[in-house]
file upload_38.csv (CSV, C-alpha atoms and all ligand atoms)
chain,number,residue,atom,x,y,z
A,1,MET,CA,95.1,77.8,85.9
A,2,GLN,CA,93.1,79.3,83.0
A,3,ASN,CA,96.1,79.8,80.8
A,4,LYS,CA,94.5,79.2,77.4
A,5,LEU,CA,91.8,81.7,78.1
A,6,PHE,CA,94.3,84.3,79.2
A,7,GLU,CA,96.3,84.0,76.1
A,8,LYS,CA,93.2,84.6,74.0
A,9,HIS,CA,92.5,87.9,75.7
A,10,TYR,CA,96.1,88.9,75.9
A,11,SER,CA,97.1,90.8,72.7
A,12,ARG,CA,94.0,92.9,72.3
A,13,PHE,CA,94.1,94.0,76.0
A,14,THR,CA,97.7,94.9,75.9
A,15,SER,CA,97.4,97.4,73.2
A,16,SER,CA,94.5,99.3,74.8
A,17,ILE,CA,96.2,99.4,78.2
A,18,PHE,CA,99.5,100.5,76.6
A,19,LEU,CA,97.7,103.4,75.0
A,20,LEU,CA,96.0,104.4,78.2
A,21,SER,CA,99.3,104.3,80.1
A,22,LEU,CA,100.9,106.5,77.4
A,23,ILE,CA,98.2,109.1,77.8
A,24,PHE,CA,98.5,109.1,81.5
A,25,LEU,CA,102.3,109.3,81.6
A,26,ALA,CA,102.5,112.0,78.9
A,27,THR,CA,100.6,114.3,81.2
A,28,SER,CA,102.6,113.6,84.3
A,29,CYS,CA,106.0,115.1,85.2
A,30,PHE,CA,108.5,112.2,84.7
A,31,LYS,CA,111.6,112.8,82.8
A,32,ASP,CA,111.7,111.2,79.4
A,33,SER,CA,114.0,108.4,80.5
A,34,GLU,CA,111.8,107.6,83.5
A,35,VAL,CA,108.7,107.6,81.3
A,36,ASP,CA,110.4,105.2,78.9
A,37,GLU,CA,111.5,102.9,81.8
A,38,ARG,CA,108.0,103.0,83.4
A,39,LEU,CA,106.3,102.2,80.1
A,40,GLU,CA,108.6,99.3,79.5
A,41,SER,CA,108.0,97.9,83.0
A,42,VAL,CA,104.2,98.2,82.6
A,43,LYS,CA,104.4,96.4,79.3
A,44,ALA,CA,106.7,93.8,80.7
A,45,ALA,CA,104.1,93.0,83.4
A,46,LYS,CA,101.4,92.1,80.8
A,47,ARG,CA,102.8,88.8,79.6
A,48,SER,CA,101.5,85.3,80.2
A,49,PRO,CA,101.9,83.4,83.5
A,50,GLY,CA,105.2,81.5,83.6
A,51,VAL,CA,107.2,83.7,81.1
A,52,SER,CA,109.0,85.4,84.0
A,53,ALA,CA,109.8,82.2,85.9
A,54,ASN,CA,113.5,82.7,85.5
A,55,GLU,CA,113.4,86.4,86.4
A,56,ILE,CA,111.6,85.4,89.6
A,57,LEU,CA,113.7,82.4,90.5
A,58,SER,CA,117.2,83.6,89.7
A,59,SER,CA,119.2,86.7,90.5
A,60,SER,CA,120.6,87.2,87.1
A,61,LYS,CA,118.3,90.0,86.1
A,62,PHE,CA,116.6,91.0,89.4
A,63,GLN,CA,118.3,91.0,92.8
A,64,SER,CA,115.2,92.0,94.9
A,65,LEU,CA,111.5,91.4,94.8
A,66,GLU,CA,108.8,93.9,95.7
A,67,LEU,CA,105.5,92.1,96.4
A,68,GLU,CA,102.5,94.4,96.3
A,69,ILE,CA,99.4,93.1,98.0
A,70,GLN,CA,96.2,95.1,97.4
A,71,TYR,CA,92.9,94.1,99.0
A,72,MET,CA,89.5,95.4,98.5
A,73,GLU,CA,88.2,96.9,101.8
A,74,GLY,CA,86.9,94.1,104.0
A,75,TYR,CA,89.1,91.4,102.5
A,76,PRO,CA,92.7,91.8,104.0
A,77,LEU,CA,95.0,88.9,104.1
A,78,SER,CA,95.8,87.5,107.5
A,79,GLU,CA,99.2,88.6,108.9
A,80,THR,CA,100.2,85.0,109.2
A,81,THR,CA,99.5,84.5,105.5
A,82,ILE,CA,101.8,87.3,104.5
A,83,THR,CA,104.6,86.0,106.8
A,84,GLN,CA,104.2,82.5,105.5
A,85,ILE,CA,104.2,83.3,101.8
A,86,THR,CA,107.2,85.6,102.2
A,87,ASP,CA,109.2,82.9,104.1
A,88,TRP,CA,108.2,80.4,101.5
A,89,LEU,CA,109.3,82.6,98.6
A,90,ASN,CA,112.6,83.3,100.4
A,91,SER,CA,113.2,79.5,100.6
A,92,LEU,CA,112.8,79.1,96.9
A,93,ILE,CA,114.0,82.1,95.0
A,94,ASN,CA,117.4,83.8,94.7
A,95,LYS,CA,117.0,87.4,95.7
A,96,PRO,CA,120.1,88.5,97.6
A,97,LEU,CA,118.7,92.0,98.2
A,98,GLY,CA,115.6,90.6,99.7
A,99,ILE,CA,111.8,90.6,99.4
A,100,THR,CA,109.8,93.6,100.4
A,101,VAL,CA,106.0,93.4,100.9
A,102,ILE,CA,103.7,96.4,100.6
A,103,THR,CA,100.1,96.0,101.6
A,104,THR,CA,97.4,98.6,100.8
A,105,SER,CA,93.6,98.6,100.6
A,106,ILE,CA,91.6,99.8,97.7
A,107,PRO,CA,87.8,100.6,97.7
A,108,ALA,CA,85.6,97.5,97.3
A,109,VAL,CA,84.0,97.4,93.9
A,110,GLY,CA,81.0,95.5,95.1
A,111,GLN,CA,80.4,93.2,92.1
A,112,GLU,CA,79.1,89.7,92.6
A,113,ASP,CA,81.7,88.3,90.3
A,114,TYR,CA,84.6,89.4,88.1
A,115,SER,CA,85.9,88.5,84.7
A,116,VAL,CA,89.6,88.2,83.9
A,117,THR,CA,89.4,91.4,81.9
A,118,GLU,CA,87.8,93.2,84.9
A,119,VAL,CA,90.5,91.9,87.3
A,120,ARG,CA,93.2,93.2,84.9
A,121,GLU,CA,91.5,96.6,84.7
A,122,ILE,CA,91.4,96.9,88.4
A,123,GLU,CA,95.1,95.9,88.6
A,124,ASP,CA,96.0,98.4,85.9
A,125,ASN,CA,94.3,101.2,87.8
A,126,ASN,CA,95.9,100.5,91.1
A,127,ARG,CA,99.1,98.6,90.8
A,128,THR,CA,102.3,100.4,91.7
A,129,ALA,CA,104.9,97.6,91.9
A,130,TYR,CA,106.6,97.3,88.5
A,131,ASN,CA,110.1,96.4,87.6
A,132,ALA,CA,112.6,99.1,88.3
A,133,GLY,CA,116.4,98.7,88.1
A,134,ASP,CA,117.3,95.4,89.8
A,135,LYS,CA,113.9,95.1,91.5
A,136,LEU,CA,111.2,92.8,90.2
A,137,GLY,CA,107.6,93.8,90.8
A,138,MET,CA,104.9,91.3,91.7
A,139,TYR,CA,101.2,91.9,92.4
A,140,ILE,CA,98.4,90.1,94.3
A,141,LEU,CA,94.9,91.5,94.2
A,142,ILE,CA,92.2,90.3,96.6
A,143,LEU,CA,88.7,90.8,95.3
A,144,ASP,CA,85.4,91.1,97.2
A,145,GLY,CA,83.6,88.7,94.9
A,146,TYR,CA,83.7,85.4,92.9
A,147,PHE,CA,85.3,84.5,89.6
A,148,ASP,CA,82.7,84.8,86.8
A,149,GLU,CA,83.7,81.4,85.3
A,150,ASP,CA,82.8,79.4,88.4
A,151,SER,CA,80.4,76.5,87.8
A,152,ASP,CA,78.3,74.4,90.1
A,153,THR,CA,81.1,71.9,90.4
A,154,GLU,CA,84.1,74.2,90.3
A,155,ALA,CA,84.7,77.3,92.3
A,156,SER,CA,87.9,79.3,91.9
A,157,LEU,CA,89.7,80.5,94.9
A,158,GLY,CA,92.4,82.3,92.9
A,159,PHE,CA,94.3,82.3,89.7
A,160,ALA,CA,97.5,83.6,88.1
A,161,HIS,CA,96.6,85.7,85.1
A,162,ARG,CA,99.8,87.4,84.0
A,163,ASN,CA,103.5,86.8,84.4
A,164,THR,CA,103.6,88.6,87.8
A,165,SER,CA,99.9,88.9,88.7
A,166,ILE,CA,97.7,86.8,90.9
A,167,ALA,CA,94.0,87.3,91.8
A,168,LEU,CA,92.6,85.9,95.1
A,169,MET,CA,88.8,85.6,95.3
A,170,GLY,CA,88.5,87.0,98.8
A,171,LYS,CA,84.7,86.3,99.2
A,172,ARG,CA,85.1,82.7,98.2
A,173,VAL,CA,88.1,82.3,100.6
A,174,LYS,CA,86.3,83.9,103.5
A,175,GLU,CA,83.2,81.8,103.0
A,176,ASN,CA,85.2,78.6,102.9
A,177,SER,CA,87.5,79.0,105.8
A,178,GLY,CA,87.4,79.4,109.6
A,179,SER,CA,84.3,77.4,110.4
A,180,PHE,CA,84.0,73.8,111.6
A,181,GLY,CA,85.4,71.3,109.1
A,182,ARG,CA,87.1,74.0,107.1
A,183,PRO,CA,90.7,75.1,107.0
A,184,SER,CA,91.6,78.3,108.9
A,185,LYS,CA,91.7,81.5,106.8
A,186,PRO,CA,95.5,81.8,106.9
A,187,LYS,CA,95.9,78.1,105.9
A,188,LEU,CA,93.5,78.4,102.9
A,189,GLU,CA,95.0,81.8,101.8
A,190,THR,CA,98.5,80.5,102.0
A,191,THR,CA,97.7,77.3,100.1
A,192,VAL,CA,96.0,79.1,97.2
A,193,LEU,CA,98.6,81.9,97.0
A,194,GLU,CA,101.6,79.5,97.1
A,195,HIS,CA,99.9,77.4,94.4
A,196,GLU,CA,99.5,80.5,92.2
A,197,LEU,CA,103.0,81.7,92.9
A,198,GLY,CA,104.1,78.2,91.8
A,199,HIS,CA,102.5,79.0,88.4
A,200,LEU,CA,104.4,82.3,88.2
A,201,MET,CA,107.6,80.4,88.9
A,202,GLY,CA,106.9,78.3,85.9
A,203,LEU,CA,105.1,75.2,87.4
A,204,VAL,CA,104.3,72.8,85.8
A,205,ASN,CA,105.9,73.0,82.4
A,206,LEU,CA,104.8,76.6,82.3
A,207,GLY,CA,108.2,78.4,81.9
A,208,SER,CA,110.3,76.1,84.1
A,209,GLY,CA,111.2,73.0,82.0
A,210,MET,CA,110.5,69.6,83.6
A,211,VAL,CA,113.6,67.8,84.8
A,212,THR,CA,111.4,64.6,85.0
A,213,ASP,CA,108.1,64.4,83.2
A,214,HIS,CA,105.4,65.1,85.8
A,215,GLU,CA,102.7,67.1,84.1
A,216,ASP,CA,99.1,65.9,84.7
A,217,GLY,CA,97.8,64.9,81.3
A,218,GLU,CA,94.3,65.7,82.1
A,219,ASN,CA,94.9,69.0,83.9
A,220,LEU,CA,97.8,70.6,82.0
A,221,LYS,CA,100.2,72.9,83.8
A,222,HIS,CA,99.7,71.0,87.0
A,223,CYS,CA,101.6,68.2,88.8
A,224,ASP,CA,100.5,64.6,88.6
A,225,ASN,CA,101.1,64.0,92.3
A,226,GLU,CA,97.9,64.6,94.2
A,227,ASP,CA,99.9,65.3,97.4
A,228,CYS,CA,101.8,68.1,95.7
A,229,LEU,CA,101.0,71.8,96.1
A,230,MET,CA,100.8,72.0,92.3
A,231,TYR,CA,98.0,69.4,92.0
A,232,TRP,CA,95.1,71.0,90.1
A,233,GLU,CA,92.5,70.8,92.9
A,234,VAL,CA,94.5,73.1,95.1
A,235,GLU,CA,93.1,76.2,93.4
A,236,THR,CA,89.4,75.1,93.5
A,237,ARG,CA,87.0,74.5,96.3
A,238,SER,CA,87.6,70.8,96.1
A,239,ILE,CA,90.8,71.2,97.9
A,240,PHE,CA,89.2,71.0,101.4
A,241,SER,CA,89.0,67.3,101.7
A,242,SER,CA,92.7,67.0,101.2
A,243,MET,CA,93.8,69.8,103.5
A,244,ASP,CA,93.5,68.1,106.8
A,245,GLU,CA,97.2,67.5,107.0
A,246,GLY,CA,98.3,71.1,106.6
A,247,ILE,CA,99.5,73.3,103.7
A,248,PRO,CA,100.5,71.1,100.8
A,249,THR,CA,104.2,71.3,99.9
A,250,LEU,CA,106.0,71.1,96.5
A,251,ASP,CA,107.1,67.5,95.7
A,252,GLU,CA,110.6,66.6,94.6
A,253,ASN,CA,109.7,66.9,90.9
A,254,CYS,CA,108.4,70.5,91.3
A,255,LEU,CA,111.4,71.5,93.5
A,256,ASN,CA,113.8,70.1,90.9
A,257,ASP,CA,112.2,72.2,88.1
A,258,LEU,CA,112.6,75.4,90.2
A,259,LYS,CA,116.2,74.6,91.0
A,260,ALA,CA,117.0,73.9,87.3
A,261,ASN,CA,115.6,77.3,86.3
A,262,GLY,CA,117.7,79.4,88.7
A,263,GLY,CA,115.9,78.8,92.0
A,264,LYS,CA,117.4,77.7,95.3
A,301,ZN,ZN,96.8,75.8,89.2
A,302,ZN,ZN,104.7,68.6,92.0

call {"tool": "encode", "arguments": {"input": "upload_38.csv", "output": "structure tokens"}}
result
Amino acid sequence: MQNKLFEKHYSRFTSSIFLLSLIFLATSCFKDSEVDERLESVKAAKRSPGVSANEILSSSKFQSLELEIQYMEGYPLSETTITQITDWLNSLINKPLGITVITTSIPAVGQEDYSVTEVREIEDNNRTAYNAGDKLGMYILILDGYFDEDSDTEASLGFAHRNTSIALMGKRVKENSGSFGRPSKPKLETTVLEHELGHLMGLVNLGSGMVTDHEDGENLKHCDNEDCLMYWEVETRSIFSSMDEGIPTLDENCLNDLKANGGK
């Protein structure tokens, strides 16, 4: 979770994207009211991770969820992963009109690594799932490279970078799964995506208040329980040693926070 960094970039980036969207929409053939709604929805999707926790968890504003998964050619999610994360979301969030998943491919960009700004630009050029009426839009982008802030000791498998946006570093996931001593690809994908979805749902202390204090003092916005899905190592390469026993689950403290903020 690179939350501090994202906030730093946030305001400057929003204004330029807003302007670009305005130019684009002004030349297309929406009615004025539709243009207004679309602009509002695009703007609403450019806030910090965690701020939409209640909108995701409860049904008070949105009764359905549209999850758009876009992958760069060569890096599709496993079918098992899509089923698992959809079932998992269904078990946690109140969406009486259901969850719809749309999966599409986009051309591979071919960079070795990507910055947060670049990830956001790719999203802005390709994403179609935005809030509309009682439907909440959510977006997962799978990239063909690494995160440009990786170090020798820490390699990012994915991150949540806006209130309804997740990036999965497809090349890193592919390299670190499926071979001897490594988790299977669906297992690794599911673990990382569920962890990042947990951040979007406000964990830990990121938009869903803590019922009992359980934030890791050294790794903020993460759970202090090393067996929990929201433990910090889950989004880095160092997760492998602790994945022998299957996909980590949310512990009682994390589940309680979700329930208290409108979840199941
Ligand atoms: Zn995290
Ligand atoms: Zn936890």

call {"tool": "closest_atom_pairs", "arguments": {"input": "upload_38.csv", "of": "chain A", "to": "ligand ZN 301 (chain A)", "cutoff": "8 Å", "atoms": "only C-alpha atoms and all ligand atoms", "output": "Markdown table"}}
result
| residue | atom | partner | partner_atom | distance |
| --- | --- | --- | --- | --- |
| A:Met1 | CA | A:ZN301 | ZN | 4.2 |
| A:Phe159 | CA | A:ZN301 | ZN | 7.0 |
| A:Ala160 | CA | A:ZN301 | ZN | 7.9 |
| A:His195 | CA | A:ZN301 | ZN | 6.3 |
| A:Glu196 | CA | A:ZN301 | ZN | 6.2 |
| A:His199 | CA | A:ZN301 | ZN | 6.6 |
| A:Lys221 | CA | A:ZN301 | ZN | 7.0 |
| A:His222 | CA | A:ZN301 | ZN | 6.0 |
| A:Met230 | CA | A:ZN301 | ZN | 6.3 |
| A:Tyr231 | CA | A:ZN301 | ZN | 7.1 |
| A:Trp232 | CA | A:ZN301 | ZN | 5.2 |
| A:Glu233 | CA | A:ZN301 | ZN | 7.6 |
| A:Val234 | CA | A:ZN301 | ZN | 6.9 |
| A:Glu235 | CA | A:ZN301 | ZN | 5.6 |

call {"tool": "atom_distance", "arguments": {"input": "upload_38.csv", "atom1": "CA of Glu121 in chain A", "atom2": "CA of Ile142 in chain A"}}
result
13.5 Å

call {"tool": "residues_around", "arguments": {"input": "upload_38.csv", "residues": "range 88-99 of chain A", "least_positions_apart": "5", "cutoff": "7 Å", "atoms": "all atoms listed in the file", "output": "ChimeraX atom specification"}}
result
/A:56-59,63-66,263-264

call {"tool": "closest_residue", "arguments": {"input": "upload_38.csv", "among": "A:Thr100, A:Gln111, A:Gln70, A:Gln84", "to": "Asp124 in chain A", "atoms": "only C-alpha atoms"}}
result
A:Gln70

call {"tool": "residues_near_ligand", "arguments": {"input": "upload_38.csv", "ligand": "ligand ZN 302 (chain A)", "cutoff": "8 Å", "atoms": "all atoms listed in the file", "output": "number ranges by chain"}}
result
A: 204, 214, 222-225, 227-231, 250-255

call {"tool": "atom_distance", "arguments": {"input": "upload_38.csv", "atom1": "CA of Arg172 in chain A", "atom2": "CA of Ser156 in chain A"}}
result
7.7 Å

call {"tool": "residues_around", "arguments": {"input": "upload_38.csv", "residues": "Asn126 in chain A", "least_positions_apart": "4", "cutoff": "12 Å", "atoms": "all atoms listed in the file", "output": "list in words"}}
result
Glu68, Ile69, Gln70, Tyr71, Met72, Thr104, Ser105, Ile106, Pro107, Val119, Arg120, Glu121, Ile122, Tyr130, Tyr139, Ile140 and Leu141 of chain A

call {"tool": "atom_distance", "arguments": {"input": "upload_38.csv", "atom1": "CA of Leu67 in chain A", "atom2": "CA of Val101 in chain A"}}
result
4.7 Å

call {"tool": "closest_residue", "arguments": {"input": "upload_38.csv", "among": "A:Leu258, A:Val51, A:Val42, A:Val35", "to": "Thr128 in chain A", "atoms": "all atoms listed in the file"}}
result
A:Val42

call {"tool": "closest_residue", "arguments": {"input": "upload_38.csv", "among": "A:Glu118, A:Leu77, A:Leu136, A:Ala167", "to": "Ala53 in chain A", "atoms": "only C-alpha atoms"}}
result
A:Leu136

call {"tool": "closest_residue", "arguments": {"input": "upload_38.csv", "among": "A:Ala155, A:Thr236, A:Arg162, A:Asp213", "to": "Asp113 in chain A", "atoms": "only C-alpha atoms"}}
result
A:Ala155

call {"tool": "closest_residue", "arguments": {"input": "upload_38.csv", "among": "A:Ala44, A:Val109, A:Met201, A:Val173", "to": "Ser78 in chain A", "atoms": "all atoms listed in the file"}}
result
A:Val173

call {"tool": "closest_residue", "arguments": {"input": "upload_38.csv", "among": "A:Thr81, A:Ser52, A:Thr103, A:Ser33", "to": "Glu189 in chain A", "atoms": "only C-alpha atoms"}}
result
A:Thr81

call {"tool": "residues_around", "arguments": {"input": "upload_38.csv", "residues": "Asn131 in chain A", "least_positions_apart": "2", "cutoff": "9 Å", "atoms": "all atoms listed in the file", "output": "list in words"}}
result
Glu37, Arg38, Glu40, Ser41, Val42, Ala44, Ala45, Phe62, Leu65, Glu66, Ala129, Gly133, Asp134, Lys135, Leu136, Gly137 and Met138 of chain A

call {"tool": "write_last_selection", "arguments": {"input": "upload_38.csv", "atoms": "C-alpha atoms", "output": "PDB file, keeping the file's coordinate frame"}}
result
ATOM      1  CA  GLU A  37     111.500 102.900  81.800  1.00  0.00           C
ATOM      2  CA  ARG A  38     108.000 103.000  83.400  1.00  0.00           C
ATOM      3  CA  GLU A  40     108.600  99.300  79.500  1.00  0.00           C
ATOM      4  CA  SER A  41     108.000  97.900  83.000  1.00  0.00           C
ATOM      5  CA  VAL A  42     104.200  98.200  82.600  1.00  0.00           C
ATOM      6  CA  ALA A  44     106.700  93.800  80.700  1.00  0.00           C
ATOM      7  CA  ALA A  45     104.100  93.000  83.400  1.00  0.00           C
ATOM      8  CA  PHE A  62     116.600  91.000  89.400  1.00  0.00           C
ATOM      9  CA  LEU A  65     111.500  91.400  94.800  1.00  0.00           C
ATOM     10  CA  GLU A  66     108.800  93.900  95.700  1.00  0.00           C
ATOM     11  CA  ALA A 129     104.900  97.600  91.900  1.00  0.00           C
ATOM     12  CA  GLY A 133     116.400  98.700  88.100  1.00  0.00           C
ATOM     13  CA  ASP A 134     117.300  95.400  89.800  1.00  0.00           C
ATOM     14  CA  LYS A 135     113.900  95.100  91.500  1.00  0.00           C
ATOM     15  CA  LEU A 136     111.200  92.800  90.200  1.00  0.00           C
ATOM     16  CA  GLY A 137     107.600  93.800  90.800  1.00  0.00           C
ATOM     17  CA  MET A 138     104.900  91.300  91.700  1.00  0.00           C
TER      18      MET A 138
END

call {"tool": "residues_around", "arguments": {"input": "upload_38.csv", "residues": "Gly50 in chain A", "least_positions_apart": "6", "cutoff": "7 Å", "atoms": "all atoms listed in the file", "output": "PyMOL selection string"}}
result
chain A and resi 163+199-202+206-207

call {"tool": "write_last_selection", "arguments": {"input": "upload_38.csv", "atoms": "C-alpha atoms", "output": "PDB file, in the coordinates of the input"}}
result
ATOM      1  CA  ASN A 163     103.500  86.800  84.400  1.00  0.00           C
ATOM      2  CA  HIS A 199     102.500  79.000  88.400  1.00  0.00           C
ATOM      3  CA  LEU A 200     104.400  82.300  88.200  1.00  0.00           C
ATOM      4  CA  MET A 201     107.600  80.400  88.900  1.00  0.00           C
ATOM      5  CA  GLY A 202     106.900  78.300  85.900  1.00  0.00           C
ATOM      6  CA  LEU A 206     104.800  76.600  82.300  1.00  0.00           C
ATOM      7  CA  GLY A 207     108.200  78.400  81.900  1.00  0.00           C
TER       8      GLY A 207
END

call {"tool": "decode", "arguments": {"input": "upload_38.csv", "residues": "range 118-162 of chain A", "atoms": "C-alpha atoms", "output": "mmCIF file, in the first residue's frame"}}
result
data_model
loop_
_atom_site.group_PDB
_atom_site.id
_atom_site.type_symbol
_atom_site.label_atom_id
_atom_site.label_comp_id
_atom_site.auth_asym_id
_atom_site.auth_seq_id
_atom_site.Cartn_x
_atom_site.Cartn_y
_atom_site.Cartn_z
ATOM 1 C CA GLU A 118 1.713 5.705 -15.971
ATOM 2 C CA VAL A 119 -0.612 3.094 -14.510
ATOM 3 C CA ARG A 120 -3.234 5.781 -14.007
ATOM 4 C CA GLU A 121 -2.822 7.113 -17.540
ATOM 5 C CA ILE A 122 -3.359 3.630 -18.969
ATOM 6 C CA GLU A 123 -6.462 3.265 -16.817
ATOM 7 C CA ASP A 124 -7.824 6.629 -17.917
ATOM 8 C CA ASN A 125 -7.346 5.727 -21.576
ATOM 9 C CA ASN A 126 -9.055 2.345 -21.327
ATOM 10 C CA ARG A 127 -11.423 2.056 -18.353
ATOM 11 C CA THR A 128 -15.154 1.965 -19.096
ATOM 12 C CA ALA A 129 -16.625 0.878 -15.719
ATOM 13 C CA TYR A 130 -17.626 4.030 -13.888
ATOM 14 C CA ASN A 131 -20.498 4.634 -11.471
ATOM 15 C CA ALA A 132 -23.851 4.913 -13.223
ATOM 16 C CA GLY A 133 -27.174 5.083 -11.418
ATOM 17 C CA ASP A 134 -27.196 2.415 -8.713
ATOM 18 C CA LYS A 135 -24.143 0.643 -10.168
ATOM 19 C CA LEU A 136 -20.670 1.061 -8.705
ATOM 20 C CA GLY A 137 -17.730 0.725 -11.112
ATOM 21 C CA MET A 138 -14.457 -0.949 -10.105
ATOM 22 C CA TYR A 139 -11.318 -1.538 -12.136
ATOM 23 C CA ILE A 140 -8.407 -3.991 -12.174
ATOM 24 C CA LEU A 141 -5.532 -3.478 -14.626
ATOM 25 C CA ILE A 142 -2.984 -6.250 -15.248
ATOM 26 C CA LEU A 143 0.308 -4.925 -16.591
ATOM 27 C CA ASP A 144 3.037 -6.629 -18.606
ATOM 28 C CA GLY A 145 5.869 -5.310 -16.418
ATOM 29 C CA TYR A 146 7.062 -4.462 -12.913
ATOM 30 C CA PHE A 147 6.378 -1.580 -10.534
ATOM 31 C CA ASP A 148 9.060 1.093 -10.880
ATOM 32 C CA GLU A 149 9.462 1.438 -7.116
ATOM 33 C CA ASP A 150 10.596 -2.141 -6.585
ATOM 34 C CA SER A 151 13.874 -2.580 -4.743
ATOM 35 C CA ASP A 152 16.260 -5.489 -4.292
ATOM 36 C CA THR A 153 14.410 -6.524 -1.169
ATOM 37 C CA GLU A 154 10.830 -5.623 -2.010
ATOM 38 C CA ALA A 155 8.999 -6.450 -5.218
ATOM 39 C CA SER A 156 5.417 -5.368 -5.643
ATOM 40 C CA LEU A 157 2.882 -7.863 -6.941
ATOM 41 C CA GLY A 158 0.062 -5.338 -6.979
ATOM 42 C CA PHE A 159 -1.293 -2.199 -5.379
ATOM 43 C CA ALA A 160 -4.486 -0.226 -4.863
ATOM 44 C CA HIS A 161 -3.918 3.296 -6.158
ATOM 45 C CA ARG A 162 -7.336 4.961 -6.257
#
